[in-house]
$ cat run.txt   # compact mmCIF, C-alpha atoms (C1' of nucleotides)
# COMPACT_ATOMS: atom_id res chain seq x y z
CA MET F 1 45.17 34.03 49.11
CA LYS F 2 44.84 30.77 50.95
CA ARG F 3 43.13 27.85 49.29
CA ILE F 4 40.80 25.90 51.55
CA PRO F 5 41.27 22.16 51.20
CA ARG F 6 38.11 20.21 50.65
CA ILE F 7 36.93 18.80 53.99
CA SER F 8 34.85 15.66 53.69
CA GLU F 9 31.87 14.68 55.80
CA THR F 10 33.86 12.60 58.26
CA GLU F 11 36.82 14.93 58.29
CA TRP F 12 34.48 17.65 59.52
CA GLU F 13 33.86 15.67 62.69
CA ILE F 14 37.54 15.63 63.41
CA MET F 15 38.12 19.25 62.49
CA LYS F 16 35.27 20.33 64.75
CA VAL F 17 36.98 18.74 67.71
CA ILE F 18 40.28 20.43 66.94
CA TRP F 19 38.68 23.80 66.33
CA ALA F 20 36.91 23.47 69.65
CA HIS F 21 40.02 22.48 71.59
CA GLY F 22 42.49 24.67 69.78
CA HIS F 23 45.29 22.15 69.64
CA CYS F 24 45.52 18.64 70.97
CA SER F 25 47.17 15.28 70.73
CA ALA F 26 45.80 12.35 68.79
CA GLY F 27 44.82 10.75 72.06
CA GLN F 28 42.76 13.73 73.12
CA ILE F 29 41.07 13.85 69.76
CA ILE F 30 40.25 10.17 69.92
CA ASP F 31 38.85 10.59 73.41
CA ALA F 32 36.67 13.49 72.38
CA LEU F 33 35.35 11.68 69.34
CA THR F 34 34.57 8.42 71.09
CA LEU F 35 32.72 10.39 73.73
CA ILE F 36 30.43 11.70 71.01
CA ASP F 37 30.22 8.42 69.11
CA SER F 38 31.75 5.26 70.45
CA SER F 39 32.03 3.67 67.02
CA TRP F 40 35.18 5.63 66.16
CA HIS F 41 38.15 3.33 65.83
CA PRO F 42 41.44 4.84 67.04
CA ARG F 43 43.26 3.69 63.92
CA THR F 44 40.68 5.36 61.77
CA VAL F 45 41.14 8.63 63.57
CA LYS F 46 44.90 8.42 63.15
CA ALA F 47 44.51 7.80 59.45
CA PHE F 48 42.27 10.82 59.13
CA LEU F 49 44.70 12.97 61.05
CA SER F 50 47.45 12.03 58.62
CA ARG F 51 45.26 12.82 55.66
CA LEU F 52 44.24 16.15 57.09
CA VAL F 53 47.89 17.01 57.58
CA LYS F 54 48.67 16.02 54.01
CA LYS F 55 45.75 18.14 52.82
CA GLY F 56 47.09 21.12 54.66
CA ALA F 57 44.11 21.37 56.98
CA LEU F 58 46.15 20.50 60.05
CA GLY F 59 49.65 21.23 61.23
CA PHE F 60 51.49 19.59 64.09
CA SER F 61 54.52 19.86 66.29
CA ARG F 62 56.32 17.09 68.05
CA GLU F 63 55.80 17.11 71.77
CA GLY F 64 57.96 14.34 73.18
CA ARG F 65 56.63 11.05 71.94
CA ALA F 66 53.47 12.36 70.31
CA TYR F 67 52.27 15.04 67.95
CA VAL F 68 50.16 17.99 68.90
CA TYR F 69 47.86 18.94 66.08
CA ARG F 70 46.49 22.37 65.36
CA PRO F 71 44.25 23.72 62.60
CA LEU F 72 45.86 25.44 59.65
CA VAL F 73 42.53 26.60 58.30
CA LYS F 74 40.01 28.64 60.24
CA ARG F 75 36.62 27.21 60.97
CA GLU F 76 34.95 30.25 59.51
CA GLU F 77 36.78 29.77 56.22
CA CYS F 78 35.62 26.19 55.99
CA VAL F 79 32.10 27.12 56.95
CA ASP F 80 32.13 29.70 54.18
CA ALA F 81 33.42 27.25 51.62
CA ALA F 82 30.95 24.54 52.57
CA SER F 83 28.06 26.99 52.66
CA GLU F 84 28.94 28.39 49.30
CA SER F 85 29.15 24.94 47.80
CA PHE F 86 25.86 23.83 49.34
CA LEU F 87 24.07 27.00 48.31
CA GLU F 88 25.29 26.65 44.76
CA ARG F 89 24.55 22.96 44.41
CA VAL F 90 21.12 22.81 45.99
CA PHE F 91 19.70 26.27 45.48
CA GLY F 92 21.56 27.41 42.40
CA GLY F 93 23.31 30.05 44.47
CA SER F 94 20.16 31.94 45.36
CA LEU F 95 20.16 32.87 48.97
CA LYS F 96 16.53 33.80 49.39
CA PRO F 97 15.01 30.46 48.36
CA MET F 98 17.48 28.77 50.60
CA LEU F 99 16.59 30.83 53.62
CA ALA F 100 12.93 30.49 52.82
CA HIS F 101 13.33 26.74 52.71
CA PHE F 102 14.82 26.60 56.16
CA VAL F 103 12.41 29.04 57.65
CA GLU F 104 9.43 27.16 56.27
CA ARG F 105 10.68 23.64 56.52
CA GLU F 106 12.37 23.40 59.84
CA LYS F 107 10.40 24.40 62.85
CA LEU F 108 11.58 27.65 64.29
CA SER F 109 10.79 28.45 67.87
CA PRO F 110 9.27 31.87 68.54
CA ASP F 111 12.56 32.73 70.18
CA GLU F 112 14.53 31.88 67.12
CA ILE F 113 12.16 33.85 64.96
CA ARG F 114 12.53 36.87 67.21
CA GLU F 115 16.27 36.67 67.05
CA LEU F 116 16.37 36.27 63.34
CA ARG F 117 14.14 39.28 62.90
CA ARG F 118 16.54 41.19 65.05
CA LEU F 119 19.44 40.03 62.89
CA LEU F 120 17.64 41.15 59.79
CA LYS F 121 17.01 44.53 61.31
CA ASN F 122 20.69 45.33 61.86
CA PRO F 123 22.72 44.62 58.78
CA GLU F 124 26.16 45.52 60.01
CA MET L 125 9.23 5.01 53.75
CA LYS L 126 11.27 5.93 50.73
CA ARG L 127 15.02 6.20 51.06
CA ILE L 128 16.57 9.06 49.17
CA PRO L 129 19.67 7.99 47.26
CA ARG L 130 22.71 10.11 47.82
CA ILE L 131 22.97 12.67 45.00
CA SER L 132 26.51 13.86 44.32
CA GLU L 133 27.60 17.34 43.31
CA THR L 134 27.58 16.66 39.60
CA GLU L 135 24.50 14.47 39.72
CA TRP L 136 22.62 17.45 41.12
CA GLU L 137 23.23 19.35 37.91
CA ILE L 138 21.57 16.59 35.96
CA MET L 139 18.72 16.11 38.38
CA LYS L 140 18.00 19.83 38.32
CA VAL L 141 17.48 19.70 34.58
CA ILE L 142 15.15 16.73 34.84
CA TRP L 143 13.18 18.23 37.70
CA ALA L 144 12.79 21.40 35.68
CA HIS L 145 11.65 19.64 32.51
CA GLY L 146 9.62 16.90 34.10
CA HIS L 147 10.72 14.09 31.83
CA CYS L 148 13.01 14.15 28.86
CA SER L 149 15.29 12.18 26.61
CA ALA L 150 19.04 11.94 27.01
CA GLY L 151 19.41 14.26 24.05
CA GLN L 152 17.28 16.95 25.65
CA ILE L 153 19.17 16.64 28.87
CA ILE L 154 22.48 16.93 27.08
CA ASP L 155 21.26 19.98 25.20
CA ALA L 156 20.05 21.68 28.35
CA LEU L 157 23.29 20.98 30.16
CA THR L 158 25.60 22.11 27.38
CA LEU L 159 23.60 25.31 27.15
CA ILE L 160 24.47 26.02 30.75
CA ASP L 161 28.04 24.78 30.50
CA SER L 162 29.56 23.75 27.21
CA SER L 163 32.16 21.54 28.85
CA TRP L 164 29.69 18.69 29.38
CA HIS L 165 30.63 15.69 27.29
CA PRO L 166 27.63 13.74 25.95
CA ARG L 167 29.12 10.42 27.00
CA THR L 168 29.60 11.74 30.49
CA VAL L 169 25.97 12.72 30.72
CA LYS L 170 24.90 9.28 29.50
CA ALA L 171 27.05 7.63 32.10
CA PHE L 172 25.52 9.76 34.83
CA LEU L 173 22.04 8.97 33.62
CA SER L 174 22.76 5.25 33.91
CA ARG L 175 24.16 5.69 37.38
CA LEU L 176 21.18 7.72 38.48
CA VAL L 177 18.88 4.99 37.19
CA LYS L 178 20.87 2.37 39.05
CA LYS L 179 20.70 4.49 42.19
CA GLY L 180 16.96 4.71 41.91
CA ALA L 181 16.93 8.46 41.42
CA LEU L 182 15.64 8.22 37.86
CA GLY L 183 13.24 5.96 36.04
CA PHE L 184 12.79 5.66 32.30
CA SER L 185 10.53 4.26 29.65
CA ARG L 186 11.43 3.28 26.15
CA GLU L 187 10.08 5.65 23.57
CA GLY L 188 10.97 4.22 20.20
CA ARG L 189 14.73 4.28 19.84
CA ALA L 190 15.54 6.23 22.99
CA TYR L 191 14.71 6.39 26.66
CA VAL L 192 12.67 9.05 28.31
CA TYR L 193 13.87 9.67 31.83
CA ARG L 194 11.82 10.90 34.73
CA PRO L 195 12.66 11.57 38.38
CA LEU L 196 11.80 8.91 40.92
CA VAL L 197 12.62 11.19 43.81
CA LYS L 198 11.10 14.59 44.37
CA ARG L 199 13.27 17.64 44.33
CA GLU L 200 11.94 18.72 47.68
CA GLU L 201 12.95 15.41 49.22
CA CYS L 202 16.49 15.77 47.94
CA VAL L 203 16.67 19.38 49.04
CA ASP L 204 15.57 18.27 52.48
CA ALA L 205 18.14 15.51 52.64
CA ALA L 206 20.98 17.71 51.44
CA SER L 207 19.97 20.54 53.75
CA GLU L 208 19.77 18.23 56.71
CA SER L 209 23.17 16.78 55.96
CA PHE L 210 24.74 20.20 55.48
CA LEU L 211 23.16 21.60 58.60
CA GLU L 212 24.35 18.66 60.64
CA ARG L 213 27.86 18.57 59.26
CA VAL L 214 28.69 22.25 59.30
CA PHE L 215 26.51 23.68 62.06
CA GLY L 216 26.02 20.66 64.26
CA GLY L 217 22.34 20.68 63.42
CA SER L 218 21.63 24.07 64.92
CA LEU L 219 19.45 26.10 62.67
CA LYS L 220 19.89 29.51 64.20
CA PRO L 221 23.68 29.77 63.84
CA MET L 222 23.29 28.59 60.31
CA LEU L 223 20.74 31.22 59.40
CA ALA L 224 22.72 33.84 61.24
CA HIS L 225 25.76 32.90 59.22
CA PHE L 226 24.02 33.41 55.92
CA VAL L 227 22.31 36.58 56.97
CA GLU L 228 25.54 38.10 58.18
CA ARG L 229 27.94 36.67 55.73
CA GLU L 230 26.28 36.90 52.40
CA LYS L 231 25.06 40.25 51.33
CA LEU L 232 21.31 40.50 51.38
CA SER L 233 19.64 43.13 49.30
CA PRO L 234 17.08 45.31 51.08
CA ASP L 235 14.48 43.54 49.00
CA GLU L 236 15.56 40.15 50.20
CA ILE L 237 15.60 41.37 53.76
CA ARG L 238 12.11 42.69 53.44
CA GLU L 239 10.85 39.44 52.04
CA LEU L 240 12.53 37.37 54.66
CA ARG L 241 11.04 39.47 57.38
CA ARG L 242 7.69 38.88 55.80
CA LEU L 243 8.34 35.14 55.78
CA LEU L 244 9.25 35.24 59.42
CA LYS L 245 6.07 37.07 60.20
CA ASN L 246 3.77 34.41 58.76
CA PRO L 247 4.82 30.99 59.90
CA GLU L 248 2.19 28.95 58.13
C1' DC M 249 19.33 -5.07 1.73
C1' DT M 250 23.57 -2.86 3.52
C1' DC M 251 26.01 0.26 6.19
C1' DA M 252 26.71 3.95 9.00
C1' DA M 253 24.70 6.76 12.79
C1' DA M 254 22.77 6.71 17.32
C1' DC M 255 21.37 4.57 21.57
C1' DG M 256 22.03 2.36 25.90
C1' DA M 257 25.21 -1.13 28.34
C1' DC M 258 29.46 -2.24 29.90
C1' DT M 259 34.20 -1.17 30.92
C1' DA M 260 38.01 1.74 32.41
C1' DC M 261 40.63 4.43 35.42
C1' DG M 262 42.63 7.77 38.51
C1' DG M 263 41.50 10.31 42.64
C1' DA M 264 38.64 10.74 47.01
C1' DT M 265 36.59 8.50 51.03
C1' DG M 266 35.71 5.53 54.93
C1' DT M 267 37.76 2.17 57.48
C1' DA M 268 41.44 -0.16 59.42
C1' DA M 269 45.70 -3.43 59.51
C1' DT M 270 50.70 -3.63 59.22
C1' DC M 271 55.35 -1.63 59.41
C1' DT M 272 58.92 0.95 61.69
C1' DA M 273 61.07 3.73 65.01
C1' DT M 274 61.27 4.99 69.69
C1' DA M 275 60.72 5.23 74.47
C1' DA M 276 59.46 3.15 78.69
C1' DA M 277 59.64 -1.00 81.40
C1' DA M 278 61.91 -4.91 83.18
C1' DT U 279 70.18 -4.05 77.75
C1' DT U 280 66.51 -6.68 75.79
C1' DT U 281 61.59 -6.48 75.44
C1' DT U 282 57.51 -4.37 74.68
C1' DA U 283 53.99 -0.80 74.31
C1' DT U 284 53.20 3.32 71.42
C1' DA U 285 53.23 6.79 67.98
C1' DG U 286 53.11 7.99 63.52
C1' DA U 287 53.92 6.28 58.50
C1' DT U 288 52.69 3.32 55.01
C1' DT U 289 49.69 0.18 52.81
C1' DA U 290 45.20 -1.92 51.79
C1' DC U 291 40.90 -2.11 49.89
C1' DA U 292 36.05 -1.59 48.70
C1' DT U 293 33.13 2.09 47.17
C1' DC U 294 32.04 6.47 45.15
C1' DC U 295 32.90 10.14 41.78
C1' DG U 296 34.10 12.47 37.56
C1' DT U 297 35.07 11.52 33.10
C1' DA U 298 34.90 9.13 29.03
C1' DG U 299 36.01 5.10 25.67
C1' DT U 300 34.29 0.66 23.62
C1' DC U 301 30.67 -2.90 22.45
C1' DG U 302 26.62 -4.72 20.64
C1' DT U 303 22.19 -3.56 18.85
C1' DT U 304 18.81 -0.94 16.46
C1' DT U 305 17.31 1.93 12.95
C1' DG U 306 17.20 5.23 9.42
C1' DA U 307 19.67 6.55 4.98
C1' DG U 308 20.89 4.93 0.44
$ encode --input "run.txt" --output "structure tokens"
Amino acid sequence: MKRIPRISETEWEIMKVIWAHGHCSAGQIIDALTLIDSSWHPRTVKAFLSRLVKKGALGFSREGRAYVYRPLVKREECVDAASESFLERVFGGSLKPMLAHFVEREKLSPDEIRELRRLLKNPE
Amino acid sequence: MKRIPRISETEWEIMKVIWAHGHCSAGQIIDALTLIDSSWHPRTVKAFLSRLVKKGALGFSREGRAYVYRPLVKREECVDAASESFLERVFGGSLKPMLAHFVEREKLSPDEIRELRRLLKNPE
DNA sequence: CTCAAACGACTACGGATGTAATCTATAAAA
DNA sequence: TTTTATAGATTACATCCGTAGTCGTTTGAG
């Protein structure tokens, strides 16, 4: 089975853009990131792209002068891995205390509560 | 207001022991940790304790020959900080998709579902 | 009193991370 | 064709992390 490379905090920002756009050039990625947060330096993004390729999180194909990057790992896989790690580290792996924490701590709108109750009703 | 120092993966293991025991000596911490996982090296634990003191996560008082460590940050504060960071990084800060993920992905026992539904019913 | 055991402090060190400059090849412009 | 703007590759570097060895001091055993 596939091993998910460890995606760091900042790398997540980049991966999120690529997951959202499917596949894109470095320029497009830089544009998208600077739109969100203007403090991104283009060189920094390039360096991260290289690292993510080396990690096996991204693949690329040459398209003329530039590369077009695409994810090699699915978002859902990374979400799973990160969630698992978080759950284990902070809540000792126990799901219920974790969910209770979020339900109590963060403010849930009545809408969100309704929808969650619906989710809990239909375990697929 | 108090700034929560960043607690790393491994540091969490140590903090969890100290939060559970209230305050304890290095020896007690080492014992508790090796009980859970025998691969802890005493020197490693000592080094982490020093780092956690330097970070401001732990305080200590001399008790004869040895130190007695105690948390300077509350568990709940660290749980909040870690949860916030995780939620932001992986789910863009949106609570509902995050909860939906856990409810769908991880298997919830009927008991857990019942209790969660109860929690959702009484938002205190 | 002397010496070894134990304690915390300091040091070490490779790998990860965040951040970016420099190097090199190439392609477009002049 | 010579120059220059770009793209990616390589290098840099401070900090953090995981992991543990070494140093100097204290203290309990003999």
$ calpha_fit_rmsd --input "run.txt" --fixed "chain L" --moving "chain F"
0.2 Å
$ residues_around --input "run.txt" --residues "L:Gly151" --least-positions-apart "4" --cutoff "9 Å" --atoms "only C-alpha atoms (C1' of nucleotides)" --output "PDB file with C-alpha atoms, in the frame of the given file"
ATOM      1  CA  ASP L 155      21.260  19.980  25.200  1.00  0.00           C
ATOM      2  CA  ALA L 156      20.050  21.680  28.350  1.00  0.00           C
ATOM      3  CA  PRO L 166      27.630  13.740  25.950  1.00  0.00           C
ATOM      4  CA  ALA L 190      15.540   6.230  22.990  1.00  0.00           C
TER       5      ALA L 190
END
$ residues_around --input "run.txt" --residues "U:DT305" --least-positions-apart "4" --cutoff "10 Å" --atoms "all atoms listed in the file" --output "PyMOL selection string"
(chain L and resi 188-189) or (chain M and resi 253-255)
$ closest_atom_pairs --input "run.txt" --of "chain F" --to "chain U" --cutoff "10 Å" --atoms "only C-alpha atoms (C1' of nucleotides)" --output "JSON lines"
{"residue": "F:Ala26", "atom": "CA", "partner": "U:DA285", "partner_atom": "C1'", "distance": 9.3}
{"residue": "F:Lys46", "atom": "CA", "partner": "U:DG286", "partner_atom": "C1'", "distance": 8.2}
{"residue": "F:Ala47", "atom": "CA", "partner": "U:DG286", "partner_atom": "C1'", "distance": 9.5}
{"residue": "F:Ser50", "atom": "CA", "partner": "U:DG286", "partner_atom": "C1'", "distance": 8.5}
{"residue": "F:Arg65", "atom": "CA", "partner": "U:DA285", "partner_atom": "C1'", "distance": 6.7}
{"residue": "F:Ala66", "atom": "CA", "partner": "U:DA285", "partner_atom": "C1'", "distance": 6.0}
{"residue": "F:Tyr67", "atom": "CA", "partner": "U:DA285", "partner_atom": "C1'", "distance": 8.3}
$ closest_atom_pairs --input "run.txt" --of "chain F" --to "chain M" --cutoff "9 Å" --atoms "all atoms listed in the file" --output "CSV"
residue,atom,partner,partner_atom,distance
F:Ser8,CA,M:DT265,C1',7.8
F:Thr10,CA,M:DG266,C1',8.0
F:His41,CA,M:DA268,C1',8.0
F:Arg43,CA,M:DA268,C1',6.2
F:Thr44,CA,M:DA268,C1',6.0
F:Ala47,CA,M:DA268,C1',8.5
F:Arg65,CA,M:DA275,C1',7.5
$ atom_distance --input "run.txt" --atom1 "atom CA of F:Trp19" --atom2 "atom CA of F:Gly93"
27.4 Å
$ interface_residues --input "run.txt" --of "chain L" --to "chain F" --cutoff "9 Å" --atoms "all atoms listed in the file" --output "VMD selection string"
chain L and resid 133 to 134 136 to 137 140 202 to 204 206 to 207 209 to 210 213 to 215 219 to 220 223 to 232 236 to 241 243 to 245 247 to 248
$ write_last_selection --input "run.txt" --atoms "C-alpha atoms" --output "mmCIF file, in the coordinates of the input"
data_model
loop_
_atom_site.group_PDB
_atom_site.id
_atom_site.type_symbol
_atom_site.label_atom_id
_atom_site.label_comp_id
_atom_site.auth_asym_id
_atom_site.auth_seq_id
_atom_site.Cartn_x
_atom_site.Cartn_y
_atom_site.Cartn_z
ATOM 1 C CA GLU L 133 27.600 17.340 43.310
ATOM 2 C CA THR L 134 27.580 16.660 39.600
ATOM 3 C CA TRP L 136 22.620 17.450 41.120
ATOM 4 C CA GLU L 137 23.230 19.350 37.910
ATOM 5 C CA LYS L 140 18.000 19.830 38.320
ATOM 6 C CA CYS L 202 16.490 15.770 47.940
ATOM 7 C CA VAL L 203 16.670 19.380 49.040
ATOM 8 C CA ASP L 204 15.570 18.270 52.480
ATOM 9 C CA ALA L 206 20.980 17.710 51.440
ATOM 10 C CA SER L 207 19.970 20.540 53.750
ATOM 11 C CA SER L 209 23.170 16.780 55.960
ATOM 12 C CA PHE L 210 24.740 20.200 55.480
ATOM 13 C CA ARG L 213 27.860 18.570 59.260
ATOM 14 C CA VAL L 214 28.690 22.250 59.300
ATOM 15 C CA PHE L 215 26.510 23.680 62.060
ATOM 16 C CA LEU L 219 19.450 26.100 62.670
ATOM 17 C CA LYS L 220 19.890 29.510 64.200
ATOM 18 C CA LEU L 223 20.740 31.220 59.400
ATOM 19 C CA ALA L 224 22.720 33.840 61.240
ATOM 20 C CA HIS L 225 25.760 32.900 59.220
ATOM 21 C CA PHE L 226 24.020 33.410 55.920
ATOM 22 C CA VAL L 227 22.310 36.580 56.970
ATOM 23 C CA GLU L 228 25.540 38.100 58.180
ATOM 24 C CA ARG L 229 27.940 36.670 55.730
ATOM 25 C CA GLU L 230 26.280 36.900 52.400
ATOM 26 C CA LYS L 231 25.060 40.250 51.330
ATOM 27 C CA LEU L 232 21.310 40.500 51.380
ATOM 28 C CA GLU L 236 15.560 40.150 50.200
ATOM 29 C CA ILE L 237 15.600 41.370 53.760
ATOM 30 C CA ARG L 238 12.110 42.690 53.440
ATOM 31 C CA GLU L 239 10.850 39.440 52.040
ATOM 32 C CA LEU L 240 12.530 37.370 54.660
ATOM 33 C CA ARG L 241 11.040 39.470 57.380
ATOM 34 C CA LEU L 243 8.340 35.140 55.780
ATOM 35 C CA LEU L 244 9.250 35.240 59.420
ATOM 36 C CA LYS L 245 6.070 37.070 60.200
ATOM 37 C CA PRO L 247 4.820 30.990 59.900
ATOM 38 C CA GLU L 248 2.190 28.950 58.130
#
$ closest_residue --input "run.txt" --among "F:Pro71, F:Lys55, F:Arg3, F:Trp40" --to "F:Val17" --atoms "only C-alpha atoms"
F:Pro71
$ atom_distance --input "run.txt" --atom1 "atom CA of F:Ile18" --atom2 "atom CA of F:Gly59"
11.0 Å
